[in-house]
Each structure stands twice: as structure tokens, then as C-alpha cells.
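File shown: final.cif. Contents: mmCIF, C-alpha atoms.
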data_data
loop_
_atom_site.label_atom_id
_atom_site.label_comp_id
_atom_site.auth_asym_id
_atom_site.auth_seq_id
_atom_site.Cartn_x
_atom_site.Cartn_y
_atom_site.Cartn_z
CA MET A 336 190.42 122.72 50.10
CA ARG A 337 193.73 120.91 50.48
CA ILE A 338 193.99 117.19 49.78
CA GLU A 339 196.89 115.00 50.85
CA ILE A 340 196.96 112.55 47.98
CA ARG A 341 198.82 109.99 50.02
CA ASP A 342 195.82 109.79 52.35
CA VAL A 343 193.57 109.04 49.38
CA ALA A 344 195.70 106.78 47.21
CA GLY A 345 198.78 105.81 49.21
CA GLU A 346 202.26 106.13 47.75
CA ASN A 347 201.31 104.48 44.44
CA CYS A 348 198.93 106.62 42.42
CA VAL A 349 198.25 104.16 39.63
CA THR A 350 194.74 102.73 39.57
CA LEU A 351 191.53 103.95 38.03
CA ALA A 352 189.65 103.29 41.27
CA GLU A 353 191.92 105.49 43.37
CA GLY A 354 191.81 108.18 40.72
CA GLN A 355 188.03 108.07 40.80
CA LYS A 356 188.07 108.53 44.59
CA LEU A 357 190.17 111.66 44.16
CA TYR A 358 187.93 112.96 41.38
CA GLU A 359 184.92 112.66 43.64
CA LEU A 360 186.66 114.86 46.20
CA ILE A 361 187.83 117.47 43.72
CA HIS A 362 184.88 117.84 41.38
CA PRO A 363 182.28 119.16 43.86
CA GLU A 364 184.70 121.86 45.02
CA LEU A 365 185.38 123.01 41.48
CA GLU A 366 181.68 123.04 40.74
CA LYS A 367 181.40 125.60 43.53
CA ALA A 368 184.34 127.53 42.04
CA LEU A 369 186.44 126.82 45.14
CA PRO A 370 190.22 126.36 44.92
CA VAL A 371 191.70 122.89 45.44
CA GLU A 372 195.31 122.17 46.34
CA LEU A 373 196.59 118.67 45.67
CA ASP A 374 199.64 117.76 47.72
CA PHE A 375 201.54 114.78 46.35
CA ASN A 376 204.08 114.69 49.16
CA GLY A 377 205.04 111.04 49.77
CA CYS A 378 203.56 109.80 46.49
CA GLN A 379 206.14 107.90 44.48
CA VAL A 380 204.70 106.04 41.52
CA PHE A 381 202.24 107.37 38.96
CA ALA A 382 200.38 105.77 36.07
CA SER A 383 197.94 107.09 33.50
CA PRO A 384 194.76 105.30 34.73
CA PHE A 385 195.00 107.24 38.01
CA PHE A 386 195.46 110.64 36.38
CA ASN A 387 192.85 109.90 33.73
CA ALA A 388 190.19 109.26 36.34
CA ALA A 389 191.27 111.90 38.87
CA ILE A 390 192.26 114.83 36.66
CA GLY A 391 191.62 114.14 32.98
CA GLN A 392 187.96 113.45 33.70
CA LEU A 393 187.54 116.99 35.06
CA LEU A 394 187.78 118.28 31.51
CA ARG A 395 184.44 116.67 30.77
CA ASP A 396 182.62 119.68 32.22
CA GLN A 397 185.24 122.07 33.58
CA PRO A 398 186.81 124.64 31.24
CA PRO A 399 190.64 124.69 31.15
CA ASP A 400 190.81 128.30 32.35
CA ARG A 401 188.87 127.45 35.47
CA LEU A 402 191.08 124.44 36.17
CA ASN A 403 194.24 126.49 35.69
CA SER A 404 193.05 129.06 38.18
CA LEU A 405 191.53 126.78 40.82
CA LEU A 406 193.64 123.62 40.82
CA ARG A 407 197.13 123.62 42.36
CA PHE A 408 199.62 120.72 42.32
CA GLN A 409 202.22 120.57 45.07
CA HIS A 410 205.22 118.24 45.47
CA LEU A 411 204.51 116.36 42.26
CA SER A 412 207.68 114.65 40.97
CA PRO A 413 209.01 115.64 37.53
CA GLY A 414 207.98 112.25 36.15
CA GLY A 415 204.50 112.62 37.63
CA HIS A 416 204.25 116.12 36.19
CA ARG A 417 205.20 114.93 32.71
CA LEU A 418 202.68 112.11 32.84
CA LEU A 419 199.95 114.43 34.14
CA SER A 420 200.66 116.87 31.32
CA ARG A 421 200.33 114.08 28.77
CA VAL A 422 197.07 112.85 30.31
CA ILE A 423 195.65 116.37 30.23
CA ASP A 424 196.59 116.83 26.56
CA ASN A 425 194.95 113.51 25.72
CA SER A 426 191.82 114.28 27.75
CA LYS A 427 191.46 117.74 26.19
CA GLN A 428 191.41 116.11 22.79
CA TYR A 429 189.06 113.39 23.96
CA TYR A 430 186.48 115.68 25.55
CA SER A 431 186.76 118.60 23.14
CA ASN A 432 186.44 116.54 20.01
CA GLU A 433 184.31 113.48 20.43
CA ALA A 434 184.36 113.08 16.67
CA LEU A 435 188.07 112.26 16.93
CA ARG A 436 187.40 108.80 18.21
CA SER A 437 184.81 107.93 15.64
CA ALA A 438 187.05 109.36 12.90
CA THR A 439 189.92 107.15 14.02
CA ASP A 440 187.62 104.18 14.19
CA GLN A 441 186.25 104.91 10.74
CA ALA A 442 189.75 105.19 9.30
CA ILE A 443 190.53 101.69 10.49
CA LEU A 444 187.20 100.34 9.30
CA GLY A 445 187.75 101.99 5.93
CA GLU A 446 191.21 100.46 5.54
CA SER A 447 189.74 97.09 6.33
CA ASP A 448 187.03 97.52 3.73
CA GLU A 449 189.57 98.55 1.11
CA ALA A 450 191.70 95.53 1.90
CA GLU A 451 188.79 93.24 1.21
CA VAL A 452 187.95 94.72 -2.18
CA MET B 7 182.56 69.23 26.18
CA ARG B 8 186.27 68.53 25.92
CA ASP B 9 187.27 66.51 22.90
CA SER B 10 189.69 63.67 23.52
CA THR B 11 191.47 64.11 20.19
CA PRO B 12 194.49 66.37 20.51
CA THR B 13 195.41 68.78 17.75
CA MET B 14 198.20 67.87 15.35
CA SER B 15 201.30 69.65 16.51
CA ALA B 16 205.02 69.96 15.93
CA ILE B 17 205.47 69.37 19.64
CA ALA B 18 205.95 65.71 20.59
CA HIS B 19 203.14 64.25 22.65
CA ARG B 20 201.70 60.86 23.52
CA TYR B 21 199.37 59.02 25.84
CA PHE B 22 201.02 56.91 28.54
CA ARG B 23 199.09 55.13 31.29
CA ASP B 24 196.04 57.38 30.97
CA ARG B 25 198.19 60.46 30.99
CA PHE B 26 198.74 62.87 28.15
CA ILE B 27 202.47 63.56 27.99
CA VAL B 28 203.68 66.74 26.31
CA ASP B 29 207.39 67.04 25.53
CA VAL B 30 208.14 70.71 26.00
CA PRO B 31 210.95 71.68 23.62
CA SER B 32 213.65 74.27 24.25
CA ILE B 33 211.90 77.63 24.07
CA TYR B 34 213.95 80.76 23.54
CA ARG B 35 212.41 84.10 22.55
CA GLY B 36 210.86 85.97 19.63
CA PRO B 37 208.09 85.07 17.19
CA ALA B 38 209.26 81.47 16.75
CA ALA B 39 209.03 80.95 20.50
CA TYR B 40 205.54 82.45 20.45
CA GLY B 41 204.65 79.89 17.81
CA GLN B 42 205.82 77.14 20.16
CA LEU B 43 203.72 78.53 23.00
CA CYS B 44 200.70 78.66 20.67
CA ASP B 45 201.39 75.04 19.80
CA LEU B 46 201.45 74.12 23.48
CA TRP B 47 198.15 75.93 23.94
CA ALA B 48 196.54 74.21 20.97
CA LEU B 49 197.87 70.82 22.01
CA VAL B 50 196.14 70.73 25.39
CA GLN B 51 192.77 71.95 24.12
CA GLY B 52 190.18 69.26 24.52
CA VAL B 53 192.42 66.83 26.39
CA GLU B 54 190.49 65.11 29.16
CA ALA B 55 193.34 63.03 30.54
CA GLU B 56 195.75 64.30 33.18
CA ILE B 57 198.41 66.32 31.39
CA THR B 58 202.10 66.00 32.25
CA PHE B 59 204.63 68.39 30.81
CA SER B 60 207.95 66.64 30.33
CA LEU B 61 211.12 68.69 29.98
CA ARG B 62 213.34 65.78 29.00
CA ASN B 63 214.00 67.39 25.58
CA CYS B 64 214.17 70.92 26.89
CA LEU B 65 217.58 72.56 27.14
CA PHE B 66 216.39 76.12 27.73
CA LEU B 67 213.21 77.70 29.01
CA SER B 68 212.92 81.45 28.64
CA GLN B 69 211.21 83.54 31.30
CA THR B 70 208.29 83.94 28.89
CA ALA B 71 207.99 80.16 28.61
CA VAL B 72 208.15 79.81 32.41
CA ALA B 73 205.34 82.31 32.91
CA PHE B 74 203.32 80.74 30.09
CA LEU B 75 203.76 77.22 31.43
CA GLY B 76 202.61 78.29 34.88
CA GLY B 77 199.62 80.07 33.41
CA LEU B 78 198.79 77.14 31.18
CA ILE B 79 198.76 74.76 34.15
CA ARG B 80 196.46 77.16 36.04
CA TRP B 81 194.22 77.51 32.97
CA ILE B 82 193.92 73.72 32.63
CA GLU B 83 193.10 73.49 36.34
CA SER B 84 190.47 76.23 36.04
CA SER B 85 188.90 74.30 33.16
CA GLY B 86 188.48 71.23 35.36
CA GLY B 87 191.61 69.43 34.22
CA VAL B 88 194.73 68.25 35.99
CA ALA B 89 198.22 69.23 34.84
CA GLY B 90 201.75 69.46 36.15
CA LEU B 91 205.41 69.08 35.39
CA ASN B 92 207.29 65.80 35.50
CA TRP B 93 210.00 67.10 37.79
CA GLN B 94 212.18 64.04 37.20
CA SER B 95 212.45 65.07 33.55
CA VAL B 96 213.88 68.50 34.33
CA SER B 97 217.59 69.00 33.75
CA HIS B 98 219.70 70.19 36.67
CA ARG B 99 220.29 73.54 35.01
CA ILE B 100 216.61 74.27 34.37
CA LEU B 101 215.61 72.90 37.76
CA THR B 102 218.01 75.31 39.43
CA ASN B 103 216.45 78.13 37.44
CA LEU B 104 212.91 77.05 38.35
CA ARG B 105 213.89 76.82 42.00
CA GLN B 106 215.61 80.17 41.95
CA ASN B 107 212.68 82.03 40.35
CA GLY B 108 210.17 80.40 42.69
CA PHE B 109 208.28 78.46 40.01
CA ALA B 110 209.17 75.15 41.66
CA ALA B 111 208.05 76.37 45.09
CA THR B 112 204.75 77.54 43.60
CA PHE B 113 203.87 74.10 42.25
CA THR B 114 205.67 71.75 44.65
CA ASN B 115 207.27 71.68 48.07
CA GLU B 116 210.60 72.57 46.48
CA TYR B 117 212.62 75.33 48.10
CA GLY B 118 213.08 78.80 46.64
CA PRO B 119 213.04 81.47 45.44
CA TRP B 120 216.35 83.14 46.13
CA GLN B 121 218.17 86.05 44.60
CA GLY B 122 219.90 85.36 41.32
CA ASN B 123 219.56 86.49 37.76
CA SER B 124 216.02 85.19 37.43
CA VAL B 125 213.26 87.57 38.43
CA PRO B 126 210.66 85.73 40.52
CA TYR B 127 207.71 83.99 38.86
CA ARG B 128 204.39 85.29 40.13
CA GLU B 129 200.68 84.77 39.65
CA ASP B 130 198.23 87.62 40.25
CA ARG B 131 194.49 87.06 40.20
CA VAL B 132 193.69 90.66 41.12
CA ASP B 133 195.54 93.91 40.74
CA VAL B 134 197.00 94.50 44.19
CA GLU B 135 199.07 97.38 42.96
CA ALA B 136 201.25 97.71 46.04
CA ASN B 137 202.47 94.12 45.63
CA LEU B 138 203.09 94.45 41.91
CA ILE B 139 204.86 97.79 42.13
CA GLY B 140 206.96 96.51 45.00
CA TYR B 141 207.88 93.55 42.78
CA LEU B 142 208.79 95.80 39.85
CA LYS B 143 210.90 98.13 41.99
CA ASN B 144 212.60 95.61 44.23
CA SER B 145 212.69 92.28 42.36
CA TRP B 146 212.99 93.45 38.76
CA LEU B 147 214.63 96.88 38.83
CA MET B 148 217.08 95.64 41.46
CA GLU B 149 219.70 98.07 42.67
CA ASP B 150 222.46 95.59 41.86
CA TRP B 151 221.31 95.46 38.22
CA VAL B 152 220.28 98.99 37.34
CA HIS B 153 221.78 102.06 38.90
CA PHE B 154 218.65 104.17 38.78
CA THR B 155 217.94 107.02 41.13
CA PRO B 156 214.89 106.42 43.35
CA ASP B 157 212.87 108.85 41.20
CA LEU B 158 213.82 107.05 38.01
CA ARG B 159 213.04 103.64 39.53
CA ASN B 160 209.60 104.96 40.53
CA GLU B 161 208.98 106.42 37.09
CA VAL B 162 209.94 103.24 35.26
CA ALA B 163 207.80 101.14 37.64
CA GLY B 164 204.83 103.40 36.90
CA LYS B 165 205.30 103.05 33.15
CA VAL B 166 205.59 99.27 33.38
CA TRP B 167 202.51 99.16 35.62
CA GLU B 168 200.59 100.24 32.51
CA ILE B 169 201.08 96.68 31.18
CA TYR B 170 199.33 95.27 34.24
CA ALA B 171 196.64 97.96 34.12
CA ASN B 172 195.82 96.91 30.57
CA ALA B 173 195.85 93.22 31.43
CA PHE B 174 193.55 93.59 34.41
CA GLU B 175 191.25 96.12 32.79
CA HIS B 176 190.80 94.64 29.34
CA ALA B 177 191.79 90.99 29.26
CA GLY B 178 189.23 89.31 31.47
CA SER B 179 191.69 86.50 32.13
CA PRO B 180 189.98 83.76 34.17
CA VAL B 181 193.26 82.80 35.82
CA GLY B 182 194.83 86.23 36.23
CA VAL B 183 198.21 87.48 35.08
CA PHE B 184 201.52 85.60 35.09
CA THR B 185 204.92 87.23 35.28
CA CYS B 186 208.53 86.17 35.13
CA GLY B 187 211.71 88.04 34.35
CA GLN B 188 215.36 87.59 33.65
CA HIS B 189 218.50 89.63 34.09
CA PHE B 190 221.24 89.17 31.49
CA PRO B 191 224.37 90.53 33.16
CA LYS B 192 226.68 90.17 30.17
CA ALA B 193 224.23 91.77 27.75
CA ARG B 194 223.23 94.28 30.47
CA LYS B 195 219.58 93.73 29.74
CA LEU B 196 216.48 93.12 31.82
CA ASP B 197 213.52 91.19 30.47
CA LEU B 198 210.02 91.04 31.89
CA SER B 199 207.24 88.86 30.50
CA VAL B 200 203.62 89.48 31.45
CA ILE B 201 201.01 87.01 30.22
CA ASP B 202 197.26 86.86 30.52
CA PHE B 203 194.87 84.16 29.35
CA GLY B 204 192.03 86.53 28.51
CA VAL B 205 190.27 87.47 25.30
CA GLY B 206 193.23 89.16 23.59
CA ILE B 207 193.73 92.52 21.93
CA PRO B 208 192.36 91.68 18.46
CA ALA B 209 189.10 90.34 19.93
CA ASN B 210 188.66 93.41 22.14
CA VAL B 211 189.26 95.80 19.25
CA ARG B 212 187.03 93.86 16.85
CA GLU B 213 184.20 93.95 19.38
CA TYR B 214 184.70 97.65 20.07
CA LEU B 215 184.83 98.57 16.38
CA ILE B 216 182.06 96.09 15.55
CA ASN B 217 184.18 94.50 12.85
CA ASP B 218 184.67 90.75 13.15
CA GLU B 219 186.81 90.67 10.02
CA LEU B 220 189.43 93.20 11.15
CA PRO B 221 192.84 91.59 10.58
CA ALA B 222 194.91 91.10 13.72
CA GLU B 223 197.68 93.49 12.69
CA GLN B 224 195.19 96.29 12.04
CA ALA B 225 193.61 95.65 15.43
CA MET B 226 197.06 95.80 17.05
CA GLU B 227 197.87 99.01 15.17
CA TRP B 228 194.59 100.57 16.27
CA ALA B 229 195.27 99.66 19.90
CA ALA B 230 198.76 101.16 19.65
CA GLN B 231 197.56 104.58 18.55
CA ARG B 232 197.61 107.25 21.22
CA GLY B 233 194.15 107.88 22.63
CA ASN B 234 192.59 104.68 21.35
CA THR B 235 191.05 102.45 23.98
CA THR B 236 188.34 99.85 24.16
CA ASN B 237 187.47 101.03 27.65
CA PRO B 238 183.72 101.71 27.65
CA ARG B 239 183.68 104.03 30.67
CA GLY B 240 183.86 107.27 28.73
CA LEU B 241 187.21 108.36 30.13
CA GLY B 242 189.98 109.70 27.95
CA ARG B 243 192.33 106.71 27.93
CA GLY B 244 194.69 104.91 25.62
CA LEU B 245 198.02 106.25 26.87
CA GLY B 246 199.53 103.05 28.23
CA LEU B 247 201.43 102.03 25.13
CA ASP B 248 202.38 105.61 24.43
CA VAL B 249 203.96 105.86 27.87
CA LEU B 250 205.81 102.59 27.33
CA ARG B 251 206.95 103.70 23.89
CA GLU B 252 208.58 106.76 25.45
CA LEU B 253 210.46 104.51 27.84
CA ILE B 254 211.60 102.26 25.00
CA ASP B 255 212.73 105.24 22.92
CA ILE B 256 214.88 106.71 25.67
CA ASN B 257 216.21 103.45 27.03
CA LYS B 258 216.81 101.87 23.58
CA GLY B 259 214.94 98.81 24.76
CA SER B 260 212.17 96.90 23.06
CA LEU B 261 208.61 95.75 23.55
CA GLU B 262 206.97 92.75 21.92
CA ILE B 263 203.24 92.15 22.17
CA TYR B 264 201.73 88.91 20.89
CA SER B 265 197.99 88.32 20.87
CA HIS B 266 196.07 85.81 18.76
CA ASP B 267 197.83 85.87 15.40
CA GLY B 268 198.88 89.47 15.83
CA PHE B 269 202.26 90.91 16.74
CA LEU B 270 203.23 94.42 17.67
CA GLY B 271 206.88 95.31 18.06
CA VAL B 272 208.21 98.55 19.50
CA GLY B 273 211.92 99.20 19.27
CA THR B 274 214.56 101.63 18.20
CA ASP B 275 213.40 101.28 14.60
CA GLY B 276 209.83 102.29 15.41
CA THR B 277 206.62 100.36 15.77
CA SER B 278 205.48 97.57 13.51
CA ALA B 279 202.52 95.24 13.48
CA GLN B 280 202.18 91.93 11.72
CA SER B 281 199.74 89.09 11.48
CA GLY B 282 200.15 85.35 11.75
CA GLY B 283 201.10 83.14 8.86
CA PRO B 284 204.63 81.79 8.98
CA TYR B 285 205.53 84.47 11.50
CA PHE B 286 204.26 82.38 14.36
CA GLY B 287 205.87 79.10 13.45
CA SER B 288 203.72 76.03 13.28
CA ILE B 289 200.45 77.20 14.77
CA ASP B 290 197.86 74.60 13.99
CA GLY B 291 194.29 75.47 14.86
CA ASP B 292 193.19 78.47 16.89
CA PRO B 293 196.01 80.69 18.10
CA PHE B 294 196.53 81.49 21.77
CA PRO B 295 193.64 83.79 22.74
CA GLY B 296 195.42 85.78 25.45
CA THR B 297 198.23 88.30 25.33
CA ILE B 298 201.96 88.00 25.90
CA VAL B 299 204.02 91.13 26.56
CA VAL B 300 207.81 90.95 26.61
CA LEU B 301 209.60 94.11 27.71
CA THR B 302 213.36 94.45 27.43
CA LEU B 303 215.23 97.31 29.07
CA ARG B 304 218.90 98.11 28.91
CA CYS B 305 220.53 98.43 32.30
CA ASP B 306 222.79 101.32 31.31
CA ASP B 307 221.72 104.17 33.50
CA LEU B 308 223.17 106.70 31.10
CA MET B 309 220.62 105.64 28.52
CA TYR B 310 217.81 107.16 30.50
CA THR B 311 217.81 110.62 31.98
CA LEU B 312 215.03 112.40 33.74
CA ALA B 313 214.24 115.95 32.87
CA SER B 314 214.18 117.69 36.24
CA ASP B 315 212.67 120.97 35.17
CA GLN B 316 208.95 121.50 35.14
CA PRO B 317 207.48 123.68 32.43
CA GLU B 318 206.06 127.02 33.49
CA ALA B 319 203.13 126.82 31.08
CA PRO B 320 199.64 126.19 32.51
CA LEU B 321 198.79 122.50 32.68
CA PHE B 322 195.29 122.78 31.27
#
Spell out the structure here as C-alpha cells.
Amino acid sequence: MRIEIRDVAGENCVTLAEGQKLYELIHPELEKALPVELDFNGCQVFASPFFNAAIGQLLRDQPPDRLNSLLRFQHLSPGGHRLLSRVIDNSKQYYSNEALRSATDQAILGESDEAEV
Amino acid sequence: MRDSTPTMSAIAHRYFRDRFIVDVPSIYRGPAAYGQLCDLWALVQGVEAEITFSLRNCLFLSQTAVAFLGGLIRWIESSGGVAGLNWQSVSHRILTNLRQNGFAATFTNEYGPWQGNSVPYREDRVDVEANLIGYLKNSWLMEDWVHFTPDLRNEVAGKVWEIYANAFEHAGSPVGVFTCGQHFPKARKLDLSVIDFGVGIPANVREYLINDELPAEQAMEWAAQRGNTTNPRGLGRGLGLDVLRELIDINKGSLEIYSHDGFLGVGTDGTSAQSGGPYFGSIDGDPFPGTIVVLTLRCDDLMYTLASDQPEAPLF
């Protein structure tokens, strides 16, 4: 399957809602182990909410190896590529180690408790 | 019910012919200016009379103050009150600025905006991203001011959009988001102020962490850490500030975030968070509940370079 991102999100790929739309196109294909090519031709501006919803969320139930072999990114600008890479790193941590969040939260709560003693 | 007794404040105010007159002082930038804005906020709480902001004692109004004043008027209106500027009290210099940035045309039949060194004032109730990104690219990152390549302009606009994404997603501002900017040609700097009148960062973090006692600076620090988000949707989030921090690092700019009695500063000397006290001037009563973000970029194009190569390593 080949998806023209501009048809889905327009030239600004920035919002959570547009990212979710793209996710809902990609995820069923990957579930069937079918390749997906994402063509970013004409897309200019990128922000993390879009990539978090569209791509980062895939890591919830898709192993990285499968995503590397099935998902292709075409015509993504260098800035978009860097941001996507950062979102993927963050999402891998988020979905692979759910304890991370609670540990961070606990650290803050602990500091607060100590401050009150 | 709104109380008719105004809060004590360092800002001059009085009743005159059933109107509550507030003398807006000169408001520059930084924590002291935030204290003044908090004072303005506190002063109008509970006032039932029509509120008039007088600028007779005001010699300078920063772009943050312009955006805040517009938002404050809208907030008063949304709360059932009536508020406005006494335009006869505005000095010629400030009036020209308010005409040029479109503030005057927003609230009166005055003409404007037109192109100058002020970046247009705007009010956004919903996140129409095409409008906002067009504004960032064409009205703020103007070609005459910053000599960015189209790719760089797009990348910076995307990073700055993260401020709006946070405001619309987390703040719950009943009157939306208010923006104004300023170009400083001699200093070769560009400022952008984005203000919401929502619940604020400390309140969001305290609710998320179920800790009502969490000091504001710890809440701000928590929100600034990569990966931390109060978004309940179960998505990996919390990159917005990280993305902005990268921009600040490379551009040698700065970012100031004020919310409640908390402050988070990002600059060339790192990130620091502080809480209230004397830092915010003469706040009397509850601090401003929303969030004020002030971003400063340097216009020097050489200060920011895009890496054009893409790594060969697998993305996932």
C-alpha cells in the first residue's frame, strides 16, 4: 500500500488528529504483514503530535523489526526525518518500559515528600 | 458571585462614574513584567463594574503585555463582564504600535495591521493549524528578518507549533490562545509570546501526579523532562519542550515559561525552574492561572544549520 501523506494531512503534518487518521490507515496493513510506503512529497511542516499518533503509536503492538521491514518513508525532509527518529526513540521507551513513567513520577513525588520533612 | 472589592495591588486603580479604571503601567519583559501581568489579573477578579484600562501612565507595552491585555479583555467578557481600553489615554507611540500589530483593529474600528516590526496580534479559539503555521512562517519568520531557507523556515515553524499544540491540548483555556510578536532589528532578535488563560502547567501536573502540594517549580521541572506528559490518551508524548530546547540550543535563543507561581527558563546556560516569592514582583492573591510562553530567536542565519544527511540506520 502506498499513501500520499499530503492527501491525508495536507502540507502541515502537525496535529494529533491527522496523525491518528494516518495511523488508522497504516495499522491494519501492518497487522496483515503487508508493506506500507509513506510518501511525504509536498509535506512541509512536521510536529511531534502528528508523528506520535501516526508512527510512534505503532510500537504499541508492532515489533521494531517488523516496522523496519514493512514501513518505508519517501521524500521526508531532513528535519522531518530527525523529528520522526526522536519520536520513535521516545515511543520505544514509552511502550517497552511502562514502568519508566511511574518511576519518573515517583521520583518527583519522593522529592516533594523529602522537601516537606 | 463576583465580589465588588478589588484586590490590593501595586497597580493604580480607582472607581470613576461606575467604571473601574486600571492604570496599566509600562510593561517590559522578564519576571518583573510577569509580576505586573499577575497583578493586572488579580486586580480585575471580582470586579462587577465595567473595566477600563487606561494607558496614560504607560510608556512601553511589550508584545507579551499586548497579548495578555487582549486575552484579559476577552476573559472578562467571557465571564460576563465588560472591559476595554481608553483609547484617548494611549500615547501616540503606543497607539501606532497597537495599530500596526492589529490590536486596535481587533477591538475598534481603527485601521491596521500593516507590516512593520510588530508581529500581528491574534486570537485563536481553536487550533486551525494552517492559519497558525502560515502566521509563523509568513508574519513572524518573515523573509526580510530572517534569511532562512524554506526548509529551515518550515522546520522552525514546526518546532514553534509545539507551543500551540501544548496550549490547545492541555490548557483548556475558555477564551483560546493569544499571540503577539516583535522584531528587534538592532538586536537582531525575534520575540513571540503565546498566552492561554487555562488551568496552567502546575495544576495539570499536580492533578496527573495526584499531588496537590507539589511546588510549582517541581511541577515545571517534571513537565520539562523528555517523555513526561499529562496527556491521558496513552500515547508516547512529552517531546514538545525537548524539540524547542534543541532549537534554543542551536539558535542561542531563549524560552521563558510562566505559569501560576512557577517559572521555567531555557537558554544558553541550560534549563532552570523557580517558584514565586519575590521572583514575580508584587503578586497579591492568587497568581495568574494560565500560561505565558515567550520565545526569543536570534535572526542570524549562521546560528542555525540543518543537517542534510539522513542516517542509514533503521528508524525503529
_Nearest residue to B:Val96 out of B:Phe113, B:Trp120, B:Phe74, B:Phe59, using all atoms listed in the file?_
B:Phe59
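Between chain B and the candidates A:Phe385, A:Tyr429, A:Tyr358, A:Phe408, the tightest atom-to-atom separation, counting all atoms listed in the file, involves A:Tyr429.
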_Evaluated on this file, the PyMOL selection byres ((chain A) within 8 of (chain B)) picks out some residues - which ones are they, written as JSON, numbers by chain?_
{"A": [347, 349, 350, 379, 380, 381, 382, 383, 384, 387, 388, 391, 392, 399, 400, 402, 403, 412, 413, 414, 415, 416, 417, 420, 422, 423, 424, 425, 426, 429, 430, 436, 440, 443, 444, 447]}
*asked:* List the spatial neighbours of stretch 266-282 of chain B as an MDAnalysis selection string - criterion: any atom at most 9 Å away, all atoms listed in the file, same-chain residues fewer than 2 positions off excluded.
replied: chainID B and resid 37 44 205:209 221:227 230 251 254:255 258:264 284:287 289 292:297
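Within 10 Å of the file-frame point (189.0, 73.5, 26.5), and using only C-alpha atoms, the polymer residues found are Met7, Arg8, Asp9, Trp47, Ala48, Val50, Gln51, Gly52, Val53, Glu54, Trp81, Ile82, Ser85, Gly86 and Gly87 of chain B.
Within 10 Å of B:Ala55, once all atoms listed in the file are used and residues closer than 2 positions along the same chain are dropped, the contacting residues are Ser10, Tyr21, Arg23, Asp24, Arg25, Phe26, Ile27, Val50, Gly52, Val53, Ile57, Thr58, Gly87, Val88 and Ala89 of chain B.
Shortest separation to B:Pro180 among B:Trp151, B:Asp130, B:Asp197, B:Asn210 occurs at residue B:Asp130, atoms counted being all atoms listed in the file.
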*Measure the distance from atom CA of B:Cys186 to atom CA of A:Gly354 in Å and round it to one decimal.*
28.2 Å
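Closest approach to A:Glu364 among A:Asn376, A:Leu406, A:Ala352, A:Ile390 is made by A:Leu406 (distances from all atoms listed in the file).
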*asked:* Please compute the atom CA of A:Leu357-atom CA of B:Thr236 distance, one decimal, in Å.
replied: 23.3 Å
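Residues selected in this file by the PyMOL selection byres ((chain B and resi 105) around 8) comprise Leu101, Thr102, Asn103, Leu104, Gln106, Asn107, Gly108, Phe109, Ala110, Ala111, Glu116, Tyr117, Gly118, Pro119 and Trp120 of chain B.
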*Between A:Leu411, A:Met336, A:Leu419, A:Leu405, which one has atoms that come closest to A:Gly377, using only C-alpha atoms?*
A:Leu411
*Exactly which residues make up the result of the PyMOL selection byres ((chain B and resi 60) around 6) on this file, given as an MDAnalysis selection string?*
chainID B and resid 28:30 59 61:62 92 95
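For the pair atom CA of B:Phe22 and atom CA of B:Leu91, the separation is 14.6 Å.
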Taking all listed atoms of stretch 362-370 of chain A, build the axis-aligned box, pad each of the six sides by 3 Å, then write its centre and edge lengths in Å to one decimal as JSON.
{"center_x": 185.8, "center_y": 122.7, "center_z": 42.9, "size_x": 14.8, "size_y": 15.7, "size_z": 10.4}
